[in-house]
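Chemist: Below is one structure. I have some questions about it.
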Amino acid sequence: MTKFSDLDLDPKVLKAIAEAGYESPTPIQAGAIPHALQGKDVLGIAQTGTGKTASFTLPMITRLAKGRARARMPRSLVLCPTRELAAQVAENFDTYTKHMKLTKALLIGGVSFKEQEQLIDRGVDVLIATPGRLLDHFERGKLLLTGVQIMVVDEADRMLDMGFIPDIERIFSLTPFTRQTLFFSATMAPEIERITNTFLSNPERIEVARQATTGENIQQQVVMYKASRKDREGSEKRRILRQIIDMEGDSLTNAIVFCNRKTDVDVTAKSLKKYGYDAAPIHGDLDQSQRTRTLDGFRDGSLKILVASDVAARGLDVPSVSHVFNFDVPSHSEDYVHRIGRTGRAGRNGKAVMICVPRDEKNLADIEKLVEKEIPRLELPGVKSPAPAAAAPAAAPEDEAPKPARSRSRTRSRKPKEETTEAAAPEAQAEAPAEVKDAKAEEKPKAAERKPREPRKSESKPKAKAEEPARDNQRDNARDSQRDQGNKPSRGNNNARGGKRGGGNDNKVVGMGDHMPSFIALSFDQRRAS
DNA sequence: AAAAAAC
């Protein structure tokens, strides 16, 4: 099957598809649509840019074409992690239902309840929502989910990152178990696997190759930079950012600048504006109307540079961005792939440039491991890159004083002081060689951070925190498992029972200990193989 | 250490 017309979609849907200019389904669409049309559960492993959204909207519309909604009882439900994503899905429905009379409501936070309520009251075929607002409506008694025939969970792994999984489970439990479930995730973290085992029944598993971890059509570069003084890091990075932007000249048609923190998004956007760049911020603390306005402007080309937090890293459909700038190195390496995936879409060429300060070098190494290549260093005129940090800072012994005098004296002799204000604490700042500084900087956090992870005495991996189901653990767990690719059993399910409380039985094998039955790793192996 | 999502 290579054409949409070969799929058993409603003729009115096919018409809308043709009018939107599409002829052939993407792999995820070709894989998912036939099963979804038959009413089967679908587990789609795919990321954005693969045509995922239409792979559930098209069959849903077709199946909902018959029948009508009753008041307060939506017939279908789509859950998304962010408001923008939900809005995007809603647009997608509009596009493909334009020849039909299906009704929909978009339930997201940041906007008034009233309109949403009125729509629900009248009865909707499709409800598109973020979990918080959906549950809010439910608790107010305005909504019944017992009529849901089709439920979609989009970007489940992101929901996991955001701590939404309990909400999702609750929402699942409010819908009839006879519903059809279409479930999408970019990765299959153990927690996601657990959810799908619980709530999907005999799903068709459709997996599309992740877009080449980072497409070859994206040119990547990183600027290694060490601030002249710590308190100048921000302003100096912004100067470098301008320098990078200027270098791109006319090849830069539009760009996203990613920062790790919301405050840096604001500061950076303001700074760019001050220097005459056409830039605007977007992050979760801005009000919804501004978020929408900014994003619309960016889409229609009236805004050139979008300065964003990770709210924009995944899922947002911004057709073609010529450049992505990582003002900060993302601390979760998966995010790097998502961020730069905003450029070089649909086979176009894109460029992604990142600024890396010494503190972020470990994260950079993680990223390079993930994308399986070294990101070329970009030397900027007038910007000297710092000496490469010690190869493995993590290996630095924690209790030995990081060596010393030798490096310092070297420093001193090499670099005459420029910063008069530094006089008070000469060694601490200034141009200390990266090795020494790093070792120092890492000292404290490392000690605190590493202890719990370090295997004690025996090789078995004690799960010190096994018993607490806290959200943070879930997250750590998800991250670890992504990194380790399933080398250890998922804590939540398997180990907790082993019950290692406090110390005492450190030598005991906990839960499944080191041995992991091969079937548990299977899905990951499959993924790796592809 | 932070981001996102409900009021």
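Each chain in the structure tokens gets a letter, A, B and so on, in the order shown; residues start at 1 in every chain, and ligands are counted from 1 in the order they appear.
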May I ask you to extract the residues of chain B within 6 Å of chain A, using only C-alpha atoms (C1' of nucleotides), and to give them as an NGL selection string?
Modeler: :B and (4-6)
Chemist: Give me every strand (DSSP E or B) residue in region 45-268 of chain A, going by DSSP on the backbone, as an mmCIF file with C-alpha atoms, in the first residue's frame.
Modeler:
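The resulting file, result-v7.cif, is shown below:
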data_model
loop_
_atom_site.group_PDB
_atom_site.id
_atom_site.type_symbol
_atom_site.label_atom_id
_atom_site.label_comp_id
_atom_site.auth_asym_id
_atom_site.auth_seq_id
_atom_site.Cartn_x
_atom_site.Cartn_y
_atom_site.Cartn_z
ATOM 1 C CA ILE A 45 7.015 3.913 18.506
ATOM 2 C CA ARG A 70 -24.024 12.923 23.562
ATOM 3 C CA MET A 73 -19.795 12.324 26.882
ATOM 4 C CA SER A 76 -12.859 10.007 21.814
ATOM 5 C CA LEU A 77 -9.984 11.500 23.708
ATOM 6 C CA VAL A 78 -6.488 12.584 22.761
ATOM 7 C CA LEU A 79 -3.988 13.356 25.521
ATOM 8 C CA LYS A 104 -14.228 18.782 18.890
ATOM 9 C CA ALA A 105 -13.071 20.605 22.003
ATOM 10 C CA LEU A 106 -9.599 21.571 23.034
ATOM 11 C CA LEU A 107 -9.117 21.369 26.783
ATOM 12 C CA VAL A 126 -13.236 14.492 19.834
ATOM 13 C CA LEU A 127 -11.699 15.829 22.999
ATOM 14 C CA ILE A 128 -8.102 16.952 22.812
ATOM 15 C CA ALA A 129 -6.541 17.745 26.131
ATOM 16 C CA ILE A 150 -11.065 5.711 21.288
ATOM 17 C CA MET A 151 -8.317 7.043 23.463
ATOM 18 C CA VAL A 152 -4.984 8.338 22.224
ATOM 19 C CA VAL A 153 -1.899 8.985 24.313
ATOM 20 C CA GLN A 180 -9.666 1.283 21.612
ATOM 21 C CA THR A 181 -6.291 2.662 22.642
ATOM 22 C CA LEU A 182 -3.713 4.217 20.364
ATOM 23 C CA PHE A 183 -0.512 4.847 22.233
ATOM 24 C CA PHE A 184 2.545 6.695 20.967
ATOM 25 C CA SER A 185 5.967 7.093 22.404
ATOM 26 C CA GLU A 204 -0.194 -3.946 17.100
ATOM 27 C CA ARG A 205 3.281 -2.672 17.560
ATOM 28 C CA ILE A 206 4.422 -0.269 14.864
ATOM 29 C CA GLU A 207 7.963 0.915 15.117
ATOM 30 C CA ILE A 218 22.017 18.660 9.839
ATOM 31 C CA GLN A 219 25.429 20.221 10.127
ATOM 32 C CA GLN A 220 26.444 20.264 13.766
ATOM 33 C CA GLN A 221 29.033 22.358 15.518
ATOM 34 C CA VAL A 222 29.981 23.227 19.042
ATOM 35 C CA VAL A 223 31.852 26.227 20.363
ATOM 36 C CA MET A 224 33.948 25.381 23.405
ATOM 37 C CA ALA A 255 16.152 30.008 13.974
ATOM 38 C CA ILE A 256 15.367 28.630 17.380
ATOM 39 C CA VAL A 257 17.675 29.410 20.268
ATOM 40 C CA PHE A 258 17.309 26.895 23.092
#
Chemist: Just give me the gap between CA of Asn92 (chain A) and CA of Asp300 (chain A) in Å, one decimal is fine.
Modeler: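 Atom-to-atom, CA of Asn92 (chain A) and CA of Asp300 (chain A) are spaced 17.0 Å apart.
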Chemist: Could you name the residues that touch Lys237 (chain A) at 10 Å or less, counting only C-alpha atoms (C1' of nucleotides), but leaving out those on the same chain fewer than 5 positions away, as a PDB file with all heavy atoms, in the first residue's frame?
Modeler:
ATOM      1  N   TYR A 225      33.788  27.032  25.113  1.00  0.00           N
ATOM      2  CA  TYR A 225      34.034  28.369  25.620  1.00  0.00           C
ATOM      3  C   TYR A 225      34.137  28.392  27.135  1.00  0.00           C
ATOM      4  O   TYR A 225      33.347  27.774  27.839  1.00  0.00           O
ATOM      5  CB  TYR A 225      32.907  29.303  25.178  1.00  0.00           C
ATOM      6  CG  TYR A 225      33.131  30.684  25.695  1.00  0.00           C
ATOM      7  CD1 TYR A 225      34.171  31.455  25.194  1.00  0.00           C
ATOM      8  CD2 TYR A 225      32.358  31.191  26.730  1.00  0.00           C
ATOM      9  CE1 TYR A 225      34.417  32.696  25.705  1.00  0.00           C
ATOM     10  CE2 TYR A 225      32.593  32.442  27.239  1.00  0.00           C
ATOM     11  CZ  TYR A 225      33.639  33.193  26.724  1.00  0.00           C
ATOM     12  OH  TYR A 225      33.895  34.424  27.235  1.00  0.00           O
ATOM     13  N   LYS A 226      35.116  29.139  27.589  1.00  0.00           N
ATOM     14  CA  LYS A 226      35.252  29.307  29.033  1.00  0.00           C
ATOM     15  C   LYS A 226      35.217  30.797  29.336  1.00  0.00           C
ATOM     16  O   LYS A 226      35.987  31.577  28.773  1.00  0.00           O
ATOM     17  CB  LYS A 226      36.580  28.720  29.490  1.00  0.00           C
ATOM     18  CG  LYS A 226      36.810  28.822  30.977  1.00  0.00           C
ATOM     19  CD  LYS A 226      37.999  27.955  31.357  1.00  0.00           C
ATOM     20  CE  LYS A 226      38.293  28.040  32.842  1.00  0.00           C
ATOM     21  NZ  LYS A 226      38.572  29.383  33.304  1.00  0.00           N
ATOM     22  N   ALA A 227      34.316  31.163  30.202  1.00  0.00           N
ATOM     23  CA  ALA A 227      34.139  32.583  30.490  1.00  0.00           C
ATOM     24  C   ALA A 227      35.387  33.164  31.139  1.00  0.00           C
ATOM     25  O   ALA A 227      36.109  32.481  31.854  1.00  0.00           O
ATOM     26  CB  ALA A 227      32.934  32.781  31.407  1.00  0.00           C
ATOM     27  N   ARG A 232      30.550  36.652  34.301  1.00  0.00           N
ATOM     28  CA  ARG A 232      30.368  37.216  32.951  1.00  0.00           C
ATOM     29  C   ARG A 232      29.919  36.160  31.958  1.00  0.00           C
ATOM     30  O   ARG A 232      29.765  36.444  30.775  1.00  0.00           O
ATOM     31  CB  ARG A 232      31.683  37.815  32.449  1.00  0.00           C
ATOM     32  CG  ARG A 232      32.057  39.061  33.204  1.00  0.00           C
ATOM     33  CD  ARG A 232      33.242  39.693  32.553  1.00  0.00           C
ATOM     34  NE  ARG A 232      33.674  40.824  33.351  1.00  0.00           N
ATOM     35  CZ  ARG A 232      34.869  41.361  33.274  1.00  0.00           C
ATOM     36  NH1 ARG A 232      35.758  40.854  32.441  1.00  0.00           N
ATOM     37  NH2 ARG A 232      35.181  42.389  34.036  1.00  0.00           N
ATOM     38  N   ARG A 242      25.499  36.059  19.343  1.00  0.00           N
ATOM     39  CA  ARG A 242      25.340  37.065  18.273  1.00  0.00           C
ATOM     40  C   ARG A 242      26.379  36.854  17.185  1.00  0.00           C
ATOM     41  O   ARG A 242      26.090  36.954  15.992  1.00  0.00           O
ATOM     42  CB  ARG A 242      25.478  38.484  18.854  1.00  0.00           C
ATOM     43  CG  ARG A 242      24.380  38.864  19.819  1.00  0.00           C
ATOM     44  CD  ARG A 242      24.365  40.362  20.058  1.00  0.00           C
ATOM     45  NE  ARG A 242      25.560  40.864  20.691  1.00  0.00           N
ATOM     46  CZ  ARG A 242      25.804  40.869  22.011  1.00  0.00           C
ATOM     47  NH1 ARG A 242      24.886  40.366  22.840  1.00  0.00           N
ATOM     48  NH2 ARG A 242      26.920  41.350  22.501  1.00  0.00           N
ATOM     49  N   GLN A 243      27.581  36.547  17.634  1.00  0.00           N
ATOM     50  CA  GLN A 243      28.662  36.316  16.678  1.00  0.00           C
ATOM     51  C   GLN A 243      28.319  35.134  15.752  1.00  0.00           C
ATOM     52  O   GLN A 243      28.489  35.218  14.541  1.00  0.00           O
ATOM     53  CB  GLN A 243      29.931  36.013  17.477  1.00  0.00           C
ATOM     54  CG  GLN A 243      31.218  36.221  16.721  1.00  0.00           C
ATOM     55  CD  GLN A 243      32.422  36.004  17.642  1.00  0.00           C
ATOM     56  OE1 GLN A 243      32.320  36.078  18.866  1.00  0.00           O
ATOM     57  NE2 GLN A 243      33.568  35.709  17.049  1.00  0.00           N
ATOM     58  N   THR A 268      17.976  36.185  27.250  1.00  0.00           N
ATOM     59  CA  THR A 268      18.571  36.068  25.923  1.00  0.00           C
ATOM     60  C   THR A 268      17.699  36.732  24.855  1.00  0.00           C
ATOM     61  O   THR A 268      18.197  37.435  23.978  1.00  0.00           O
ATOM     62  CB  THR A 268      18.792  34.588  25.569  1.00  0.00           C
ATOM     63  OG1 THR A 268      19.584  33.992  26.591  1.00  0.00           O
ATOM     64  CG2 THR A 268      19.507  34.446  24.237  1.00  0.00           C
ATOM     65  N   PHE A 327      22.042  27.526  23.147  1.00  0.00           N
ATOM     66  CA  PHE A 327      22.724  28.468  24.019  1.00  0.00           C
ATOM     67  C   PHE A 327      23.322  27.723  25.207  1.00  0.00           C
ATOM     68  O   PHE A 327      24.383  28.071  25.701  1.00  0.00           O
ATOM     69  CB  PHE A 327      21.721  29.525  24.486  1.00  0.00           C
ATOM     70  CG  PHE A 327      22.321  30.629  25.285  1.00  0.00           C
ATOM     71  CD1 PHE A 327      22.971  31.678  24.659  1.00  0.00           C
ATOM     72  CD2 PHE A 327      22.234  30.627  26.673  1.00  0.00           C
ATOM     73  CE1 PHE A 327      23.531  32.707  25.402  1.00  0.00           C
ATOM     74  CE2 PHE A 327      22.788  31.653  27.420  1.00  0.00           C
ATOM     75  CZ  PHE A 327      23.439  32.692  26.784  1.00  0.00           C
ATOM     76  N   ASP A 328      22.615  26.706  25.651  1.00  0.00           N
ATOM     77  CA  ASP A 328      23.119  25.812  26.700  1.00  0.00           C
ATOM     78  C   ASP A 328      23.150  24.387  26.166  1.00  0.00           C
ATOM     79  O   ASP A 328      22.343  24.021  25.319  1.00  0.00           O
ATOM     80  CB  ASP A 328      22.183  25.813  27.920  1.00  0.00           C
ATOM     81  CG  ASP A 328      22.062  27.185  28.549  1.00  0.00           C
ATOM     82  OD1 ASP A 328      23.102  27.779  28.871  1.00  0.00           O
ATOM     83  OD2 ASP A 328      20.918  27.647  28.710  1.00  0.00           O
ATOM     84  N   ILE A 355      26.771  26.144  22.219  1.00  0.00           N
ATOM     85  CA  ILE A 355      27.838  26.726  23.027  1.00  0.00           C
ATOM     86  C   ILE A 355      28.044  25.833  24.248  1.00  0.00           C
ATOM     87  O   ILE A 355      27.082  25.502  24.944  1.00  0.00           O
ATOM     88  CB  ILE A 355      27.480  28.152  23.499  1.00  0.00           C
ATOM     89  CG1 ILE A 355      27.182  29.049  22.293  1.00  0.00           C
ATOM     90  CG2 ILE A 355      28.612  28.740  24.341  1.00  0.00           C
ATOM     91  CD1 ILE A 355      26.651  30.422  22.673  1.00  0.00           C
ATOM     92  N   CYS A 356      29.276  25.454  24.487  1.00  0.00           N
ATOM     93  CA  CYS A 356      29.559  24.553  25.607  1.00  0.00           C
ATOM     94  C   CYS A 356      30.590  25.174  26.542  1.00  0.00           C
ATOM     95  O   CYS A 356      31.707  25.494  26.119  1.00  0.00           O
ATOM     96  CB  CYS A 356      30.077  23.213  25.072  1.00  0.00           C
ATOM     97  SG  CYS A 356      30.524  22.039  26.371  1.00  0.00           S
ATOM     98  N   VAL A 357      30.214  25.364  27.785  1.00  0.00           N
ATOM     99  CA  VAL A 357      31.167  25.851  28.792  1.00  0.00           C
ATOM    100  C   VAL A 357      31.714  24.629  29.536  1.00  0.00           C
ATOM    101  O   VAL A 357      31.114  23.558  29.484  1.00  0.00           O
ATOM    102  CB  VAL A 357      30.485  26.841  29.772  1.00  0.00           C
ATOM    103  CG1 VAL A 357      30.021  28.077  29.021  1.00  0.00           C
ATOM    104  CG2 VAL A 357      29.311  26.180  30.478  1.00  0.00           C
TER     105      VAL A 357
END
Chemist: In Å, rounded to a single decimal, give me how far CA of Leu14 (chain A) is from CA of Gln149 (chain A).
Modeler: 22.4 Å
Chemist: Which residue is closest to DA3 (chain B)? Choose from A:Val124, A:Met188, A:Val265, A:Leu364 and count only C-alpha atoms (C1' of nucleotides).
Modeler: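 Ranked by minimum distance to DA3 (chain B), first place goes to A:Val265.
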Chemist: Could you pull out the alpha helix (DSSP H) residues of region 236-266 of chain A from DSSP and send them as a VMD selection string?
Modeler: chain A and resid 236 to 248 262 to 266
Chemist: CA of Ala308 (chain A) and CA of Asn254 (chain A), how far apart in Å?
Modeler: 13.3 Å
Chemist: Between A:Arg293, A:Arg229, A:His332, A:Arg238, which is the closest to DA1 (chain B) once you count only C-alpha atoms (C1' of nucleotides)?
Modeler: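 That would be A:His332, the residue with the smallest distance to DA1 (chain B).
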